[in-house]
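The next block is target28.cif, given as mmCIF, N, CA and C atoms.
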```cif
data_structure
#
loop_
_atom_site.label_atom_id
_atom_site.label_comp_id
_atom_site.auth_asym_id
_atom_site.auth_seq_id
_atom_site.Cartn_x
_atom_site.Cartn_y
_atom_site.Cartn_z
N MET A 15 1.08 14.13 5.88
CA MET A 15 1.54 12.91 6.55
C MET A 15 0.36 11.97 6.73
N ILE A 16 0.55 10.76 6.34
CA ILE A 16 -0.51 9.75 6.47
C ILE A 16 -0.34 9.05 7.82
N LYS A 17 -1.44 8.95 8.54
CA LYS A 17 -1.41 8.29 9.85
C LYS A 17 -1.35 6.78 9.66
N LEU A 18 -0.70 6.12 10.58
CA LEU A 18 -0.54 4.66 10.52
C LEU A 18 -1.70 4.00 11.25
N THR A 19 -2.90 4.08 10.65
CA THR A 19 -4.12 3.58 11.27
C THR A 19 -4.86 2.63 10.33
N GLN A 20 -5.85 1.95 10.88
CA GLN A 20 -6.67 1.04 10.07
C GLN A 20 -7.40 1.81 8.97
N HIS A 21 -7.85 3.04 9.28
CA HIS A 21 -8.54 3.86 8.28
C HIS A 21 -7.62 4.14 7.09
N SER A 22 -6.37 4.50 7.38
CA SER A 22 -5.40 4.75 6.30
C SER A 22 -5.14 3.48 5.50
N LEU A 23 -5.03 2.36 6.20
CA LEU A 23 -4.82 1.08 5.52
C LEU A 23 -5.97 0.80 4.56
N ASP A 24 -7.20 1.02 5.02
CA ASP A 24 -8.37 0.80 4.16
C ASP A 24 -8.33 1.71 2.92
N LYS A 25 -7.96 2.98 3.11
CA LYS A 25 -7.90 3.92 1.99
C LYS A 25 -6.80 3.53 1.00
N LEU A 26 -5.66 3.09 1.51
CA LEU A 26 -4.56 2.67 0.63
C LEU A 26 -4.96 1.44 -0.17
N GLU A 27 -5.62 0.49 0.50
CA GLU A 27 -6.09 -0.71 -0.20
C GLU A 27 -7.10 -0.34 -1.28
N GLU A 28 -8.02 0.57 -0.96
CA GLU A 28 -9.02 1.00 -1.93
C GLU A 28 -8.37 1.68 -3.13
N LEU A 29 -7.35 2.50 -2.87
CA LEU A 29 -6.61 3.17 -3.94
C LEU A 29 -5.97 2.15 -4.87
N LEU A 30 -5.34 1.14 -4.30
CA LEU A 30 -4.69 0.11 -5.12
C LEU A 30 -5.71 -0.73 -5.88
N ILE A 31 -6.84 -1.01 -5.27
CA ILE A 31 -7.90 -1.76 -5.95
C ILE A 31 -8.42 -0.97 -7.15
N LEU A 32 -8.60 0.36 -6.96
CA LEU A 32 -9.02 1.21 -8.08
C LEU A 32 -8.00 1.18 -9.21
N ALA A 33 -6.72 1.02 -8.86
CA ALA A 33 -5.66 0.99 -9.87
C ALA A 33 -5.51 -0.40 -10.49
N GLY A 34 -6.35 -1.35 -10.09
CA GLY A 34 -6.34 -2.67 -10.71
C GLY A 34 -5.54 -3.72 -9.96
N TYR A 35 -5.09 -3.42 -8.74
CA TYR A 35 -4.33 -4.38 -7.96
C TYR A 35 -5.23 -5.16 -7.02
N LYS A 36 -4.79 -6.36 -6.67
CA LYS A 36 -5.47 -7.16 -5.65
C LYS A 36 -4.57 -7.17 -4.42
N ILE A 37 -5.18 -7.03 -3.26
CA ILE A 37 -4.44 -7.05 -2.00
C ILE A 37 -4.80 -8.34 -1.28
N ARG A 38 -3.78 -9.09 -0.92
CA ARG A 38 -4.02 -10.34 -0.20
C ARG A 38 -3.25 -10.30 1.12
N ASN A 39 -3.90 -10.72 2.18
CA ASN A 39 -3.26 -10.86 3.48
C ASN A 39 -3.00 -12.34 3.69
N GLU A 40 -1.74 -12.71 3.67
CA GLU A 40 -1.37 -14.12 3.74
C GLU A 40 -0.33 -14.34 4.82
N LYS A 41 -0.31 -15.55 5.32
CA LYS A 41 0.75 -15.95 6.23
C LYS A 41 2.02 -16.05 5.38
N GLY A 42 3.06 -15.40 5.84
CA GLY A 42 4.29 -15.45 5.04
C GLY A 42 5.50 -15.15 5.89
N ASN A 43 6.62 -15.61 5.42
CA ASN A 43 7.86 -15.32 6.13
C ASN A 43 8.76 -14.44 5.27
N PHE A 44 8.16 -13.69 4.32
CA PHE A 44 8.94 -12.79 3.51
C PHE A 44 9.37 -11.63 4.40
N LYS A 45 10.62 -11.24 4.26
CA LYS A 45 11.24 -10.31 5.20
C LYS A 45 10.60 -8.94 5.23
N SER A 46 10.24 -8.41 4.10
CA SER A 46 9.74 -7.03 4.07
C SER A 46 8.33 -6.90 4.63
N GLY A 47 7.61 -7.98 4.72
CA GLY A 47 6.23 -7.91 5.18
C GLY A 47 5.25 -7.75 4.05
N SER A 48 5.78 -7.47 2.85
CA SER A 48 4.91 -7.37 1.68
C SER A 48 5.68 -7.87 0.47
N CYS A 49 4.92 -8.23 -0.53
CA CYS A 49 5.51 -8.75 -1.76
C CYS A 49 4.63 -8.27 -2.91
N VAL A 50 5.24 -7.62 -3.89
CA VAL A 50 4.50 -7.13 -5.04
C VAL A 50 4.78 -8.07 -6.21
N ILE A 51 3.72 -8.66 -6.74
CA ILE A 51 3.83 -9.52 -7.91
C ILE A 51 3.32 -8.67 -9.08
N GLU A 52 4.24 -7.97 -9.74
CA GLU A 52 3.85 -6.92 -10.68
C GLU A 52 3.09 -7.41 -11.90
N HIS A 53 3.49 -8.52 -12.49
CA HIS A 53 2.84 -8.94 -13.73
C HIS A 53 1.39 -9.36 -13.50
N SER A 54 1.06 -9.79 -12.30
CA SER A 54 -0.32 -10.17 -12.04
C SER A 54 -1.04 -9.15 -11.16
N LYS A 55 -0.38 -8.02 -10.86
CA LYS A 55 -0.96 -6.93 -10.09
C LYS A 55 -1.53 -7.42 -8.76
N ILE A 56 -0.71 -8.14 -8.02
CA ILE A 56 -1.09 -8.64 -6.70
C ILE A 56 -0.07 -8.13 -5.69
N ILE A 57 -0.57 -7.64 -4.57
CA ILE A 57 0.30 -7.26 -3.46
C ILE A 57 -0.09 -8.15 -2.29
N VAL A 58 0.90 -8.85 -1.76
CA VAL A 58 0.67 -9.76 -0.65
C VAL A 58 1.26 -9.13 0.60
N LEU A 59 0.42 -8.99 1.62
CA LEU A 59 0.86 -8.47 2.91
C LEU A 59 0.94 -9.62 3.91
N ASN A 60 1.90 -9.52 4.81
CA ASN A 60 1.99 -10.51 5.88
C ASN A 60 0.84 -10.25 6.85
N LYS A 61 -0.05 -11.22 6.98
CA LYS A 61 -1.26 -11.00 7.78
C LYS A 61 -0.96 -10.85 9.26
N PHE A 62 0.24 -11.23 9.69
CA PHE A 62 0.60 -11.10 11.09
C PHE A 62 1.32 -9.78 11.39
N ALA A 63 1.57 -8.97 10.37
CA ALA A 63 2.23 -7.67 10.57
C ALA A 63 1.24 -6.71 11.22
N PRO A 64 1.71 -5.82 12.07
CA PRO A 64 0.81 -4.82 12.66
C PRO A 64 0.29 -3.85 11.60
N VAL A 65 -0.81 -3.19 11.91
CA VAL A 65 -1.44 -2.25 10.98
C VAL A 65 -0.45 -1.18 10.53
N GLU A 66 0.34 -0.67 11.46
CA GLU A 66 1.30 0.38 11.14
C GLU A 66 2.28 -0.09 10.07
N ALA A 67 2.71 -1.33 10.18
CA ALA A 67 3.65 -1.89 9.21
C ALA A 67 2.97 -2.06 7.85
N LYS A 68 1.74 -2.53 7.84
CA LYS A 68 1.01 -2.71 6.58
C LYS A 68 0.83 -1.38 5.86
N VAL A 69 0.50 -0.33 6.61
CA VAL A 69 0.36 1.00 6.01
C VAL A 69 1.69 1.42 5.38
N SER A 70 2.77 1.24 6.10
CA SER A 70 4.10 1.60 5.59
C SER A 70 4.44 0.81 4.34
N TYR A 71 4.15 -0.48 4.34
CA TYR A 71 4.45 -1.32 3.18
C TYR A 71 3.66 -0.86 1.96
N LEU A 72 2.39 -0.54 2.15
CA LEU A 72 1.57 -0.11 1.02
C LEU A 72 2.02 1.26 0.49
N ILE A 73 2.42 2.15 1.39
CA ILE A 73 2.94 3.44 0.94
C ILE A 73 4.18 3.22 0.08
N GLU A 74 5.09 2.37 0.55
CA GLU A 74 6.30 2.07 -0.22
C GLU A 74 5.95 1.46 -1.58
N ALA A 75 4.98 0.55 -1.59
CA ALA A 75 4.58 -0.08 -2.85
C ALA A 75 4.02 0.95 -3.82
N ILE A 76 3.13 1.81 -3.33
CA ILE A 76 2.51 2.82 -4.19
C ILE A 76 3.57 3.77 -4.75
N GLN A 77 4.55 4.12 -3.93
CA GLN A 77 5.60 5.02 -4.38
C GLN A 77 6.48 4.39 -5.45
N SER A 78 6.57 3.08 -5.47
CA SER A 78 7.43 2.41 -6.45
C SER A 78 6.68 1.95 -7.70
N LEU A 79 5.34 1.98 -7.66
CA LEU A 79 4.54 1.50 -8.80
C LEU A 79 4.08 2.66 -9.68
N THR A 80 3.82 2.35 -10.93
CA THR A 80 3.19 3.30 -11.84
C THR A 80 1.71 2.93 -11.89
N LEU A 81 0.88 3.78 -11.32
CA LEU A 81 -0.55 3.49 -11.25
C LEU A 81 -1.30 4.25 -12.34
N ASP A 82 -2.35 3.64 -12.86
CA ASP A 82 -3.17 4.26 -13.89
C ASP A 82 -4.10 5.28 -13.25
N GLU A 83 -3.72 6.55 -13.35
CA GLU A 83 -4.49 7.62 -12.72
C GLU A 83 -5.82 7.88 -13.40
N SER A 84 -6.00 7.41 -14.62
CA SER A 84 -7.26 7.64 -15.34
C SER A 84 -8.41 6.86 -14.70
N LEU A 85 -8.09 5.89 -13.86
CA LEU A 85 -9.12 5.09 -13.20
C LEU A 85 -9.61 5.72 -11.90
N MET A 86 -9.01 6.86 -11.51
CA MET A 86 -9.29 7.45 -10.20
C MET A 86 -10.03 8.77 -10.33
N ASP A 87 -10.88 9.04 -9.34
CA ASP A 87 -11.55 10.34 -9.29
C ASP A 87 -10.63 11.34 -8.59
N ASP A 88 -11.08 12.60 -8.50
CA ASP A 88 -10.25 13.66 -7.92
C ASP A 88 -9.85 13.37 -6.47
N LYS A 89 -10.75 12.80 -5.71
CA LYS A 89 -10.48 12.50 -4.30
C LYS A 89 -9.29 11.54 -4.19
N PHE A 90 -9.30 10.50 -5.00
CA PHE A 90 -8.22 9.52 -4.93
C PHE A 90 -6.94 10.04 -5.58
N LEU A 91 -7.06 10.92 -6.55
CA LEU A 91 -5.86 11.53 -7.14
C LEU A 91 -5.15 12.40 -6.12
N ARG A 92 -5.93 13.14 -5.31
CA ARG A 92 -5.33 13.96 -4.23
C ARG A 92 -4.67 13.06 -3.20
N PHE A 93 -5.34 11.97 -2.84
CA PHE A 93 -4.78 11.03 -1.86
C PHE A 93 -3.51 10.39 -2.41
N LEU A 94 -3.51 10.02 -3.68
CA LEU A 94 -2.32 9.44 -4.32
C LEU A 94 -1.15 10.42 -4.25
N GLN A 95 -1.42 11.69 -4.51
CA GLN A 95 -0.38 12.70 -4.43
C GLN A 95 0.18 12.80 -3.01
N GLU A 96 -0.71 12.73 -2.02
CA GLU A 96 -0.28 12.76 -0.62
C GLU A 96 0.60 11.55 -0.29
N VAL A 97 0.20 10.39 -0.77
CA VAL A 97 0.97 9.17 -0.53
C VAL A 97 2.36 9.29 -1.15
N ARG A 98 2.43 9.79 -2.36
CA ARG A 98 3.72 9.91 -3.05
C ARG A 98 4.66 10.89 -2.35
N GLN A 99 4.12 11.83 -1.60
CA GLN A 99 4.93 12.82 -0.90
C GLN A 99 5.25 12.42 0.54
N THR A 100 4.71 11.30 1.00
CA THR A 100 4.89 10.86 2.37
C THR A 100 6.25 10.20 2.56
N GLU A 101 6.91 10.57 3.63
CA GLU A 101 8.17 9.92 4.00
C GLU A 101 7.84 8.78 4.96
N ILE A 102 8.46 7.65 4.73
CA ILE A 102 8.26 6.50 5.61
C ILE A 102 9.22 6.63 6.78
N LYS A 103 8.65 6.71 7.98
CA LYS A 103 9.49 6.83 9.18
C LYS A 103 9.44 5.58 10.03
N PHE A 104 8.56 4.65 9.70
CA PHE A 104 8.37 3.43 10.48
C PHE A 104 8.98 2.28 9.73
N SER A 105 9.87 1.56 10.35
CA SER A 105 10.49 0.41 9.70
C SER A 105 10.14 -0.85 10.48
N ALA A 106 9.18 -1.60 9.96
CA ALA A 106 8.73 -2.82 10.65
C ALA A 106 9.42 -4.05 10.12
N ALA A 107 10.24 -3.91 9.12
CA ALA A 107 10.88 -5.07 8.51
C ALA A 107 11.88 -5.71 9.43
N GLU A 108 12.53 -4.93 10.28
CA GLU A 108 13.54 -5.48 11.17
C GLU A 108 12.94 -6.01 12.42
#
```
Conversion result in structure tokens:
Amino acid sequence: MIKLTQHSLDKLEELLILAGYKIRNEKGNFKSGSCVIEHSKIIVLNKFAPVEAKVSYLIEAIQSLTLDESLMDDKFLRFLQEVRQTEIKFSAAE
């Protein structure tokens, strides 16, 4: 289980950066709190969302994306596996 903390958020962002994605924190009124622009590999997070929500959004994004695992070392591959097995219990979208 991944904790909904700033440390987890930093690790998730680092994982996505290793996979070639850019993470942007922007002011937005998109309902989910995050937006994945797949063709340009950009994930936009609502900068006003709480840390717990951002962690949940990134976990959901990682679970729905196909990431290039060849770009990751063993540490991040283990973390990726943990993320893929995590159930989202926090719903900040509502």
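For the structure in this document, the set picked by the PyMOL selection byres (((chain A and resi 22-27 and name CA) around 9) and name CA) is Ile16, Lys17, Leu18, Thr19, Gln20, His21, Glu28, Leu29, Leu30, Ile31, Leu32, Tyr35, Lys36, Ile37, Val65, Glu66, Lys68, Val69, Ser70, Leu72, Ile73, Ile76, Phe90, Phe93, Leu94 and Val97 of chain A.
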Discussion item. Taking the DSSP secondary structure from the backbone, can you list the residues of chain A that are helix (DSSP H, G or I), as a PyMOL selection string?
Written reply: chain A and resi 20-32+52-54+65-78+83-85+88-99
Item to complete: Please identify which residues in chain A DSSP calls strand (DSSP E) from the backbone, and express them as an MDAnalysis selection string.
Response: chainID A and resid 36:40 48:51 56:60
Item to complete: Pick out the closest residue to Pro64 of chain A from this set: A:Asp87, A:Asn39, A:Gln77, A:Arg98. Count only C-alpha atoms.
Response: A:Asn39
Worksheet item: Which of these, A:Leu81, A:Phe62, A:Glu74, A:Leu91, has the shortest distance to Lys41 of chain A once you count all atoms listed in the file?
Response: A:Phe62
Worksheet item: Can you tell me how far atom C of Asn43 of chain A sits from atom CA of Gln99 of chain A, in Å to one decimal?
Response: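 About the pair atom C of Asn43 of chain A and atom CA of Gln99 of chain A: they are 28.2 Å apart.
Our summary of the geometry notes that atom CA of Val58 of chain A is positioned 26.8 Å from atom CA of Asp88 of chain A.
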Item to complete: To one decimal in Å, tell me the separation between atom CA of Arg38 of chain A and atom CA of Ile57 of chain A.
Response: 6.2 Å
Item to complete: Using all atoms listed in the file, find the one residue out of A:Glu96, A:Lys55, A:Ser84, A:Met15 that sits nearest to Gly34 of chain A.
Response: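 Using all atoms listed in the file, Gly34 of chain A sits closest to A:Lys55.
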